[in-house]
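A.B. asks: Dropping in input-v9.cif, which is mmCIF, N, CA and C atoms:
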data_model
#
loop_
_atom_site.label_atom_id
_atom_site.label_comp_id
_atom_site.auth_asym_id
_atom_site.auth_seq_id
_atom_site.Cartn_x
_atom_site.Cartn_y
_atom_site.Cartn_z
N MET A 100 -1.85 -2.60 3.34
CA MET A 100 -2.91 -1.69 3.69
C MET A 100 -2.52 -0.97 4.98
N GLY A 101 -3.00 0.23 5.14
CA GLY A 101 -2.71 0.99 6.33
C GLY A 101 -1.54 1.93 6.13
N LEU A 102 -1.16 2.58 7.21
CA LEU A 102 -0.05 3.52 7.18
C LEU A 102 1.23 2.80 7.60
N TRP A 103 2.28 3.03 6.85
CA TRP A 103 3.59 2.44 7.13
C TRP A 103 4.61 3.56 7.20
N ARG A 104 5.57 3.39 8.09
CA ARG A 104 6.68 4.33 8.20
C ARG A 104 7.91 3.63 7.65
N VAL A 105 8.61 4.29 6.75
CA VAL A 105 9.82 3.72 6.16
C VAL A 105 11.02 4.43 6.77
N SER A 106 11.96 3.63 7.27
CA SER A 106 13.18 4.19 7.85
C SER A 106 14.39 3.69 7.07
N ALA A 107 15.49 4.39 7.22
CA ALA A 107 16.72 4.09 6.49
C ALA A 107 17.25 2.70 6.85
N LEU A 108 18.00 2.13 5.94
CA LEU A 108 18.68 0.86 6.20
C LEU A 108 19.89 1.15 7.09
N ASN A 109 19.72 0.97 8.39
CA ASN A 109 20.79 1.29 9.33
C ASN A 109 21.40 0.04 9.97
N ARG A 110 21.06 -1.11 9.42
CA ARG A 110 21.58 -2.40 9.89
C ARG A 110 21.35 -3.41 8.79
N PRO A 111 21.97 -4.59 8.91
CA PRO A 111 21.72 -5.62 7.88
C PRO A 111 20.25 -6.05 7.86
N ILE A 112 19.78 -6.42 6.69
CA ILE A 112 18.42 -6.93 6.54
C ILE A 112 18.34 -8.32 7.15
N GLU A 113 17.28 -8.56 7.91
CA GLU A 113 17.09 -9.85 8.59
C GLU A 113 15.78 -10.49 8.14
N ARG A 114 15.72 -11.81 8.30
CA ARG A 114 14.47 -12.53 8.08
C ARG A 114 13.40 -11.92 8.98
N GLY A 115 12.22 -11.71 8.44
CA GLY A 115 11.12 -11.14 9.23
C GLY A 115 10.97 -9.65 9.08
N ASP A 116 12.01 -8.96 8.60
CA ASP A 116 11.88 -7.53 8.34
C ASP A 116 10.86 -7.32 7.23
N VAL A 117 10.17 -6.20 7.28
CA VAL A 117 9.35 -5.77 6.15
C VAL A 117 10.12 -4.64 5.50
N VAL A 118 10.33 -4.76 4.19
CA VAL A 118 11.13 -3.77 3.48
C VAL A 118 10.31 -3.07 2.41
N ASN A 119 10.73 -1.87 2.12
CA ASN A 119 10.19 -1.05 1.04
C ASN A 119 11.22 -1.12 -0.08
N LEU A 120 10.78 -1.50 -1.27
CA LEU A 120 11.75 -1.66 -2.35
C LEU A 120 11.19 -1.22 -3.68
N CYS A 121 12.11 -0.88 -4.57
CA CYS A 121 11.75 -0.61 -5.96
C CYS A 121 11.95 -1.89 -6.75
N PRO A 122 10.91 -2.36 -7.43
CA PRO A 122 11.08 -3.56 -8.25
C PRO A 122 12.07 -3.30 -9.37
N PRO A 123 12.86 -4.31 -9.73
CA PRO A 123 13.74 -4.14 -10.89
C PRO A 123 12.91 -4.05 -12.16
N ASP A 124 13.42 -3.35 -13.15
CA ASP A 124 12.69 -3.19 -14.40
C ASP A 124 12.96 -4.39 -15.30
N THR A 125 12.25 -5.49 -15.01
CA THR A 125 12.39 -6.73 -15.76
C THR A 125 11.06 -7.08 -16.41
N ALA A 126 11.10 -8.05 -17.31
CA ALA A 126 9.88 -8.45 -18.02
C ALA A 126 8.77 -8.88 -17.06
N ILE A 127 9.11 -9.59 -15.99
CA ILE A 127 8.07 -10.07 -15.07
C ILE A 127 7.40 -8.90 -14.35
N PHE A 128 8.17 -7.86 -14.00
CA PHE A 128 7.57 -6.71 -13.33
C PHE A 128 6.82 -5.82 -14.33
N GLN A 129 7.27 -5.76 -15.56
CA GLN A 129 6.53 -5.04 -16.58
C GLN A 129 5.15 -5.69 -16.77
N GLU A 130 5.13 -7.02 -16.81
CA GLU A 130 3.86 -7.75 -16.94
C GLU A 130 2.99 -7.54 -15.70
N ALA A 131 3.62 -7.55 -14.52
CA ALA A 131 2.87 -7.33 -13.28
C ALA A 131 2.22 -5.95 -13.26
N ARG A 132 2.93 -4.95 -13.75
CA ARG A 132 2.33 -3.62 -13.82
C ARG A 132 1.20 -3.60 -14.84
N ARG A 133 1.40 -4.25 -15.99
CA ARG A 133 0.36 -4.31 -17.02
C ARG A 133 -0.91 -4.96 -16.47
N ARG A 134 -0.73 -6.00 -15.63
CA ARG A 134 -1.88 -6.72 -15.05
C ARG A 134 -2.49 -5.99 -13.85
N GLY A 135 -1.83 -4.96 -13.37
CA GLY A 135 -2.36 -4.21 -12.24
C GLY A 135 -1.90 -4.69 -10.88
N TYR A 136 -0.89 -5.56 -10.82
CA TYR A 136 -0.38 -6.01 -9.52
C TYR A 136 0.45 -4.91 -8.86
N ILE A 137 1.07 -4.06 -9.68
CA ILE A 137 1.94 -2.98 -9.21
C ILE A 137 1.49 -1.70 -9.89
N GLY A 138 1.38 -0.64 -9.11
CA GLY A 138 0.98 0.64 -9.68
C GLY A 138 2.15 1.41 -10.26
N ARG A 139 1.85 2.52 -10.90
CA ARG A 139 2.88 3.41 -11.41
C ARG A 139 3.38 4.27 -10.26
N GLY A 140 4.69 4.55 -10.29
CA GLY A 140 5.26 5.33 -9.20
C GLY A 140 6.63 5.88 -9.53
N ARG A 141 7.36 6.20 -8.49
CA ARG A 141 8.61 6.95 -8.61
C ARG A 141 9.85 6.08 -8.80
N CYS A 142 9.71 4.78 -8.77
CA CYS A 142 10.87 3.90 -8.94
C CYS A 142 11.32 3.88 -10.39
N PRO A 143 12.61 3.55 -10.64
CA PRO A 143 13.06 3.38 -12.02
C PRO A 143 12.14 2.40 -12.75
N GLY A 144 11.83 2.71 -13.99
CA GLY A 144 10.87 1.91 -14.74
C GLY A 144 9.44 2.36 -14.53
N GLY A 145 9.24 3.35 -13.61
CA GLY A 145 7.92 3.88 -13.35
C GLY A 145 7.07 3.06 -12.42
N TYR A 146 7.70 2.22 -11.58
CA TYR A 146 6.95 1.36 -10.66
C TYR A 146 6.70 2.06 -9.32
N GLU A 147 5.61 1.64 -8.69
CA GLU A 147 5.32 2.03 -7.32
C GLU A 147 6.20 1.16 -6.40
N PRO A 148 6.78 1.73 -5.33
CA PRO A 148 7.54 0.90 -4.39
C PRO A 148 6.62 -0.16 -3.75
N LEU A 149 7.21 -1.29 -3.41
CA LEU A 149 6.49 -2.39 -2.77
C LEU A 149 6.88 -2.51 -1.31
N LEU A 150 5.97 -3.02 -0.49
CA LEU A 150 6.26 -3.41 0.89
C LEU A 150 6.14 -4.92 0.96
N LYS A 151 7.22 -5.59 1.34
CA LYS A 151 7.21 -7.06 1.38
C LYS A 151 8.02 -7.55 2.57
N PRO A 152 7.57 -8.65 3.18
CA PRO A 152 8.35 -9.26 4.27
C PRO A 152 9.50 -10.09 3.71
N VAL A 153 10.62 -10.06 4.41
CA VAL A 153 11.80 -10.82 4.03
C VAL A 153 11.69 -12.23 4.59
N ALA A 154 11.74 -13.22 3.70
CA ALA A 154 11.63 -14.62 4.11
C ALA A 154 12.98 -15.32 4.14
N ALA A 155 13.92 -14.87 3.29
CA ALA A 155 15.23 -15.53 3.23
C ALA A 155 16.30 -14.50 2.93
N ILE A 156 17.47 -14.70 3.56
CA ILE A 156 18.62 -13.82 3.38
C ILE A 156 19.81 -14.66 2.91
N ALA A 157 20.92 -14.02 2.67
CA ALA A 157 22.12 -14.69 2.14
C ALA A 157 22.42 -15.97 2.92
N GLY A 158 22.65 -17.04 2.18
CA GLY A 158 22.98 -18.34 2.77
C GLY A 158 21.80 -19.23 3.05
N ASP A 159 20.59 -18.67 3.08
CA ASP A 159 19.40 -19.48 3.35
C ASP A 159 19.08 -20.37 2.15
N ARG A 160 18.57 -21.56 2.45
CA ARG A 160 18.12 -22.50 1.42
C ARG A 160 16.62 -22.34 1.24
N VAL A 161 16.21 -22.11 0.01
CA VAL A 161 14.80 -21.90 -0.31
C VAL A 161 14.35 -23.04 -1.23
N GLU A 162 13.30 -23.73 -0.81
CA GLU A 162 12.72 -24.80 -1.62
C GLU A 162 11.37 -24.33 -2.13
N VAL A 163 11.25 -24.25 -3.44
CA VAL A 163 10.02 -23.77 -4.08
C VAL A 163 9.31 -24.95 -4.73
N SER A 164 8.05 -25.13 -4.36
CA SER A 164 7.22 -26.15 -5.01
C SER A 164 5.83 -25.56 -5.19
N ALA A 165 4.98 -26.26 -5.93
CA ALA A 165 3.61 -25.79 -6.14
C ALA A 165 2.82 -25.81 -4.84
N GLU A 166 3.21 -26.69 -3.90
CA GLU A 166 2.48 -26.81 -2.63
C GLU A 166 2.80 -25.69 -1.64
N ASP A 167 4.07 -25.28 -1.59
CA ASP A 167 4.48 -24.24 -0.67
C ASP A 167 5.94 -23.89 -0.88
N ILE A 168 6.43 -22.99 -0.03
CA ILE A 168 7.84 -22.61 -0.03
C ILE A 168 8.38 -22.89 1.37
N ALA A 169 9.58 -23.43 1.41
CA ALA A 169 10.26 -23.69 2.68
C ALA A 169 11.58 -22.92 2.69
N VAL A 170 11.90 -22.38 3.84
CA VAL A 170 13.18 -21.70 4.04
C VAL A 170 13.92 -22.45 5.13
N ASN A 171 15.10 -22.96 4.79
CA ASN A 171 15.91 -23.75 5.71
C ASN A 171 15.10 -24.90 6.32
N GLY A 172 14.26 -25.53 5.49
CA GLY A 172 13.46 -26.67 5.91
C GLY A 172 12.16 -26.34 6.61
N GLN A 173 11.91 -25.07 6.88
CA GLN A 173 10.68 -24.65 7.57
C GLN A 173 9.66 -24.18 6.53
N ARG A 174 8.52 -24.86 6.47
CA ARG A 174 7.47 -24.49 5.52
C ARG A 174 6.84 -23.16 5.93
N LEU A 175 6.63 -22.28 4.96
CA LEU A 175 6.01 -20.99 5.23
C LEU A 175 4.50 -21.10 5.06
N PRO A 176 3.73 -20.64 6.04
CA PRO A 176 2.28 -20.67 5.91
C PRO A 176 1.83 -19.81 4.73
N ASN A 177 0.74 -20.20 4.11
CA ASN A 177 0.12 -19.42 3.03
C ASN A 177 1.03 -19.15 1.85
N SER A 178 2.02 -20.04 1.61
CA SER A 178 3.00 -19.77 0.56
C SER A 178 2.78 -20.58 -0.71
N ALA A 179 1.70 -21.33 -0.79
CA ALA A 179 1.42 -22.06 -2.02
C ALA A 179 1.18 -21.06 -3.15
N ALA A 180 1.78 -21.33 -4.29
CA ALA A 180 1.58 -20.44 -5.44
C ALA A 180 0.20 -20.67 -6.02
N ARG A 181 -0.40 -19.62 -6.47
CA ARG A 181 -1.69 -19.73 -7.16
C ARG A 181 -1.42 -19.97 -8.64
N ARG A 182 -2.28 -20.72 -9.25
CA ARG A 182 -2.12 -21.00 -10.69
C ARG A 182 -2.67 -19.88 -11.55
N ARG A 183 -3.64 -19.14 -10.99
CA ARG A 183 -4.26 -18.04 -11.72
C ARG A 183 -4.51 -16.87 -10.76
N ASP A 184 -4.51 -15.67 -11.31
CA ASP A 184 -4.81 -14.50 -10.50
C ASP A 184 -6.33 -14.30 -10.42
N ALA A 185 -6.77 -13.24 -9.78
CA ALA A 185 -8.20 -12.99 -9.58
C ALA A 185 -8.95 -12.78 -10.90
N GLN A 186 -8.24 -12.39 -11.96
CA GLN A 186 -8.87 -12.20 -13.27
C GLN A 186 -8.79 -13.46 -14.14
N GLY A 187 -8.24 -14.54 -13.58
CA GLY A 187 -8.14 -15.79 -14.31
C GLY A 187 -6.90 -15.94 -15.17
N GLN A 188 -5.98 -14.97 -15.07
CA GLN A 188 -4.75 -15.04 -15.86
C GLN A 188 -3.75 -15.99 -15.21
N VAL A 189 -3.01 -16.72 -16.03
CA VAL A 189 -2.05 -17.70 -15.54
C VAL A 189 -0.91 -17.01 -14.80
N LEU A 190 -0.55 -17.58 -13.65
CA LEU A 190 0.61 -17.14 -12.87
C LEU A 190 1.70 -18.22 -12.99
N VAL A 191 2.93 -17.80 -13.17
CA VAL A 191 4.04 -18.73 -13.33
C VAL A 191 4.90 -18.72 -12.08
N LEU A 192 5.07 -19.89 -11.49
CA LEU A 192 5.88 -20.08 -10.29
C LEU A 192 7.36 -19.92 -10.63
N HIS A 193 8.11 -19.23 -9.78
CA HIS A 193 9.57 -19.17 -9.93
C HIS A 193 10.14 -20.51 -9.48
N GLY A 194 10.83 -21.16 -10.36
CA GLY A 194 11.33 -22.49 -10.03
C GLY A 194 10.48 -23.51 -10.76
N PRO A 195 10.06 -24.57 -10.15
CA PRO A 195 10.36 -25.00 -8.77
C PRO A 195 11.80 -25.48 -8.64
N GLY A 196 12.21 -25.68 -7.40
CA GLY A 196 13.55 -26.18 -7.16
C GLY A 196 14.09 -25.73 -5.82
N MET A 197 15.37 -26.06 -5.62
CA MET A 197 16.11 -25.66 -4.41
C MET A 197 17.06 -24.54 -4.80
N PHE A 198 17.10 -23.51 -3.99
CA PHE A 198 17.94 -22.34 -4.26
C PHE A 198 18.68 -21.96 -2.99
N THR A 199 19.92 -21.57 -3.13
CA THR A 199 20.66 -20.98 -2.03
C THR A 199 20.70 -19.48 -2.28
N THR A 200 20.24 -18.72 -1.31
CA THR A 200 20.19 -17.27 -1.46
C THR A 200 21.61 -16.71 -1.49
N ALA A 201 21.92 -16.00 -2.53
CA ALA A 201 23.26 -15.44 -2.72
C ALA A 201 23.45 -14.20 -1.84
N ALA A 202 24.71 -13.85 -1.62
CA ALA A 202 25.02 -12.59 -0.93
C ALA A 202 24.43 -11.46 -1.75
N GLY A 203 23.81 -10.51 -1.08
CA GLY A 203 23.21 -9.37 -1.77
C GLY A 203 21.83 -9.65 -2.33
N GLU A 204 21.22 -10.76 -1.94
CA GLU A 204 19.87 -11.09 -2.38
C GLU A 204 18.97 -11.38 -1.19
N VAL A 205 17.67 -11.21 -1.40
CA VAL A 205 16.65 -11.60 -0.42
C VAL A 205 15.46 -12.19 -1.17
N TRP A 206 14.75 -13.08 -0.50
CA TRP A 206 13.47 -13.60 -0.98
C TRP A 206 12.39 -12.90 -0.18
N LEU A 207 11.37 -12.41 -0.86
CA LEU A 207 10.28 -11.66 -0.24
C LEU A 207 9.00 -12.45 -0.40
N ILE A 208 8.53 -13.03 0.70
CA ILE A 208 7.35 -13.90 0.64
C ILE A 208 6.44 -13.59 1.81
N SER A 209 5.19 -13.32 1.49
CA SER A 209 4.20 -13.08 2.52
C SER A 209 3.71 -14.41 3.09
N ASP A 210 3.78 -14.56 4.40
CA ASP A 210 3.22 -15.77 5.02
C ASP A 210 1.82 -15.51 5.57
N TYR A 211 1.29 -14.30 5.33
CA TYR A 211 -0.06 -13.98 5.80
C TYR A 211 -1.02 -13.69 4.65
N ASN A 212 -0.50 -13.40 3.45
CA ASN A 212 -1.37 -13.10 2.32
C ASN A 212 -1.13 -14.12 1.21
N PRO A 213 -1.98 -15.12 1.08
CA PRO A 213 -1.76 -16.15 0.06
C PRO A 213 -1.85 -15.62 -1.37
N ALA A 214 -2.38 -14.42 -1.57
CA ALA A 214 -2.50 -13.85 -2.92
C ALA A 214 -1.40 -12.83 -3.22
N SER A 215 -0.40 -12.73 -2.35
CA SER A 215 0.66 -11.75 -2.54
C SER A 215 1.46 -12.02 -3.81
N PHE A 216 1.76 -10.98 -4.57
CA PHE A 216 2.69 -11.10 -5.70
C PHE A 216 4.08 -10.87 -5.13
N ASP A 217 4.81 -11.96 -4.98
CA ASP A 217 6.10 -11.90 -4.29
C ASP A 217 7.09 -12.88 -4.90
N SER A 218 8.14 -13.21 -4.18
CA SER A 218 9.22 -14.04 -4.73
C SER A 218 8.78 -15.42 -5.17
N ARG A 219 7.61 -15.88 -4.75
CA ARG A 219 7.15 -17.17 -5.28
C ARG A 219 6.95 -17.09 -6.79
N TYR A 220 6.77 -15.88 -7.31
CA TYR A 220 6.61 -15.66 -8.76
C TYR A 220 7.82 -15.00 -9.41
N PHE A 221 8.52 -14.10 -8.70
CA PHE A 221 9.64 -13.40 -9.32
C PHE A 221 11.01 -13.78 -8.79
N GLY A 222 11.08 -14.66 -7.81
CA GLY A 222 12.38 -15.11 -7.31
C GLY A 222 13.04 -14.10 -6.39
N PRO A 223 14.33 -14.28 -6.12
CA PRO A 223 15.03 -13.36 -5.23
C PRO A 223 15.24 -12.01 -5.90
N VAL A 224 15.42 -10.98 -5.08
CA VAL A 224 15.74 -9.65 -5.59
C VAL A 224 17.02 -9.15 -4.91
N SER A 225 17.67 -8.23 -5.57
CA SER A 225 18.89 -7.65 -5.03
C SER A 225 18.58 -6.73 -3.86
N THR A 226 19.42 -6.79 -2.86
CA THR A 226 19.26 -5.88 -1.72
C THR A 226 19.48 -4.43 -2.14
N ARG A 227 20.08 -4.21 -3.31
CA ARG A 227 20.25 -2.83 -3.83
C ARG A 227 18.90 -2.21 -4.17
N GLN A 228 17.87 -3.03 -4.36
CA GLN A 228 16.53 -2.53 -4.67
C GLN A 228 15.82 -2.01 -3.42
N VAL A 229 16.30 -2.40 -2.23
CA VAL A 229 15.63 -2.06 -0.98
C VAL A 229 15.90 -0.61 -0.61
N LEU A 230 14.82 0.12 -0.36
CA LEU A 230 14.90 1.54 0.00
C LEU A 230 15.00 1.75 1.50
N GLY A 231 14.38 0.86 2.28
CA GLY A 231 14.39 1.01 3.72
C GLY A 231 13.53 -0.02 4.40
N PHE A 232 13.49 0.04 5.72
CA PHE A 232 12.65 -0.83 6.53
C PHE A 232 11.28 -0.18 6.68
N ALA A 233 10.24 -0.99 6.71
CA ALA A 233 8.88 -0.48 6.86
C ALA A 233 8.28 -1.00 8.16
N ARG A 234 7.61 -0.10 8.88
CA ARG A 234 6.92 -0.47 10.12
C ARG A 234 5.56 0.21 10.15
N ARG A 235 4.61 -0.47 10.80
CA ARG A 235 3.28 0.14 10.99
C ARG A 235 3.32 1.11 12.11
#
What would the structure in this file look like if it were written as structure tokens?
C.D. replies:
Amino acid sequence: MGLWRVSALNRPIERGDVVNLCPPDTAIFQEARRRGYIGRGRCPGGYEPLLKPVAAIAGDRVEVSAEDIAVNGQRLPNSAARRRDAQGQVLVLHGPGMFTTAAGEVWLISDYNPASFDSRYFGPVSTRQVLGFARR
């Protein structure tokens, strides 16, 4: 919510950055658009770009469980996956398990919005999907 300024990727992506990205055109994002989690927009596949905080970068260990998500052993606040969305539809957790973030990937997890549709449901995304850094 609010106004965000998107700037070019002029440095490596770091944990804590907020990025603007085009979702990949996969079955999970097609379903997310059908359910209204993502609007129609200018990205390939007709998706609206997303703004998401970066929780994990290449080499980071991500532990996904129903209770929460931890990055390098640090539990993220508000990261418990919801079993159902606001309309009562089932949400499927990515994982659970332990994952090492590969080169060229990031995990996008909101630690302030427990209802965020993010990597807790769709897993890591390619840094090639990132359009730029976002700031308020």
A.B. asks: For Phe216 in chain A, which residue among A:Tyr136, A:Val170, A:Pro123, A:Asn109 is the nearest when counting all atoms listed in the file?
C.D. replies: A:Tyr136
A.B. asks: Tell me which of A:Gly145, A:Gly138, A:Gly222, A:Pro122 sits closest to Gly196 in chain A, counting only C-alpha atoms.
C.D. replies: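 Among A:Gly145, A:Gly138, A:Gly222, A:Pro122, it is A:Gly222 that comes nearest to Gly196 in chain A.
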A.B. asks: Choose the residue, out of A:Trp103, A:Tyr211, A:Tyr146, A:Trp206, that has the smallest atom-to-atom separation from Asn177 in chain A; count all atoms listed in the file.
C.D. replies: A:Tyr211
A.B. asks: Could you list the residues chosen by the PyMOL selection byres ((chain A and resi 117) around 5) in this structure as a PyMOL selection string?
C.D. replies: chain A and resi 115-116+118-119+151-153+232-233
A.B. asks: One number please: atom C of Gly140 in chain A to atom C of Leu207 in chain A, in Å, one decimal.
C.D. replies: 20.6 Å
A.B. asks: What does the PyMOL selection byres ((chain A and resi 104) around 5) select in this file, as an MDAnalysis selection string?
C.D. replies: chainID A and resid 102:103 105:106 233:235
A.B. asks: What would the selection look like, as an MDAnalysis selection string, if the PyMOL selection byres ((chain A and resi 200) around 8) were run on the coordinates I just shared?
C.D. replies: chainID A and resid 155:161 197:199 201:206 223
A.B. asks: Write the residues of the selection above to a file with N, CA and C atoms, as a PDB file, in the coordinates of the input.
C.D. replies:
ATOM      1  N   ALA A 155      13.920 -14.870   3.290  1.00  0.00           N
ATOM      2  CA  ALA A 155      15.230 -15.530   3.230  1.00  0.00           C
ATOM      3  C   ALA A 155      16.300 -14.500   2.930  1.00  0.00           C
ATOM      4  N   ILE A 156      17.470 -14.700   3.560  1.00  0.00           N
ATOM      5  CA  ILE A 156      18.620 -13.820   3.380  1.00  0.00           C
ATOM      6  C   ILE A 156      19.810 -14.660   2.910  1.00  0.00           C
ATOM      7  N   ALA A 157      20.920 -14.020   2.670  1.00  0.00           N
ATOM      8  CA  ALA A 157      22.120 -14.690   2.140  1.00  0.00           C
ATOM      9  C   ALA A 157      22.420 -15.970   2.920  1.00  0.00           C
ATOM     10  N   GLY A 158      22.650 -17.040   2.180  1.00  0.00           N
ATOM     11  CA  GLY A 158      22.980 -18.340   2.770  1.00  0.00           C
ATOM     12  C   GLY A 158      21.800 -19.230   3.050  1.00  0.00           C
ATOM     13  N   ASP A 159      20.590 -18.670   3.080  1.00  0.00           N
ATOM     14  CA  ASP A 159      19.400 -19.480   3.350  1.00  0.00           C
ATOM     15  C   ASP A 159      19.080 -20.370   2.150  1.00  0.00           C
ATOM     16  N   ARG A 160      18.570 -21.560   2.450  1.00  0.00           N
ATOM     17  CA  ARG A 160      18.120 -22.500   1.420  1.00  0.00           C
ATOM     18  C   ARG A 160      16.620 -22.340   1.240  1.00  0.00           C
ATOM     19  N   VAL A 161      16.210 -22.110   0.010  1.00  0.00           N
ATOM     20  CA  VAL A 161      14.800 -21.900  -0.310  1.00  0.00           C
ATOM     21  C   VAL A 161      14.350 -23.040  -1.230  1.00  0.00           C
ATOM     22  N   MET A 197      15.370 -26.060  -5.620  1.00  0.00           N
ATOM     23  CA  MET A 197      16.110 -25.660  -4.410  1.00  0.00           C
ATOM     24  C   MET A 197      17.060 -24.540  -4.800  1.00  0.00           C
ATOM     25  N   PHE A 198      17.100 -23.510  -3.990  1.00  0.00           N
ATOM     26  CA  PHE A 198      17.940 -22.340  -4.260  1.00  0.00           C
ATOM     27  C   PHE A 198      18.680 -21.960  -2.990  1.00  0.00           C
ATOM     28  N   THR A 199      19.920 -21.570  -3.130  1.00  0.00           N
ATOM     29  CA  THR A 199      20.660 -20.980  -2.030  1.00  0.00           C
ATOM     30  C   THR A 199      20.700 -19.480  -2.280  1.00  0.00           C
ATOM     31  N   ALA A 201      21.920 -16.000  -2.530  1.00  0.00           N
ATOM     32  CA  ALA A 201      23.260 -15.440  -2.720  1.00  0.00           C
ATOM     33  C   ALA A 201      23.450 -14.200  -1.840  1.00  0.00           C
ATOM     34  N   ALA A 202      24.710 -13.850  -1.620  1.00  0.00           N
ATOM     35  CA  ALA A 202      25.020 -12.590  -0.930  1.00  0.00           C
ATOM     36  C   ALA A 202      24.430 -11.460  -1.750  1.00  0.00           C
ATOM     37  N   GLY A 203      23.810 -10.510  -1.080  1.00  0.00           N
ATOM     38  CA  GLY A 203      23.210  -9.370  -1.770  1.00  0.00           C
ATOM     39  C   GLY A 203      21.830  -9.650  -2.330  1.00  0.00           C
ATOM     40  N   GLU A 204      21.220 -10.760  -1.940  1.00  0.00           N
ATOM     41  CA  GLU A 204      19.870 -11.090  -2.380  1.00  0.00           C
ATOM     42  C   GLU A 204      18.970 -11.380  -1.190  1.00  0.00           C
ATOM     43  N   VAL A 205      17.670 -11.210  -1.400  1.00  0.00           N
ATOM     44  CA  VAL A 205      16.650 -11.600  -0.420  1.00  0.00           C
ATOM     45  C   VAL A 205      15.460 -12.190  -1.170  1.00  0.00           C
ATOM     46  N   TRP A 206      14.750 -13.080  -0.500  1.00  0.00           N
ATOM     47  CA  TRP A 206      13.470 -13.600  -0.980  1.00  0.00           C
ATOM     48  C   TRP A 206      12.390 -12.900  -0.180  1.00  0.00           C
ATOM     49  N   PRO A 223      14.330 -14.280  -6.120  1.00  0.00           N
ATOM     50  CA  PRO A 223      15.030 -13.360  -5.230  1.00  0.00           C
ATOM     51  C   PRO A 223      15.240 -12.010  -5.900  1.00  0.00           C
TER      52      PRO A 223
END
A.B. asks: So, with all atoms listed in the file as the atoms that count, which of A:Leu108, A:Val191, A:Leu120, A:Val163 lies closest to Phe221 in chain A?
C.D. replies: A:Val191
A.B. asks: From range 166-219 of chain A, collect each residue whose DSSP state is strand (DSSP E) and return the set as JSON, numbers by chain.
C.D. replies: {"A": [168, 169, 170, 173, 174, 196, 197, 198, 199, 204, 205, 206, 207]}
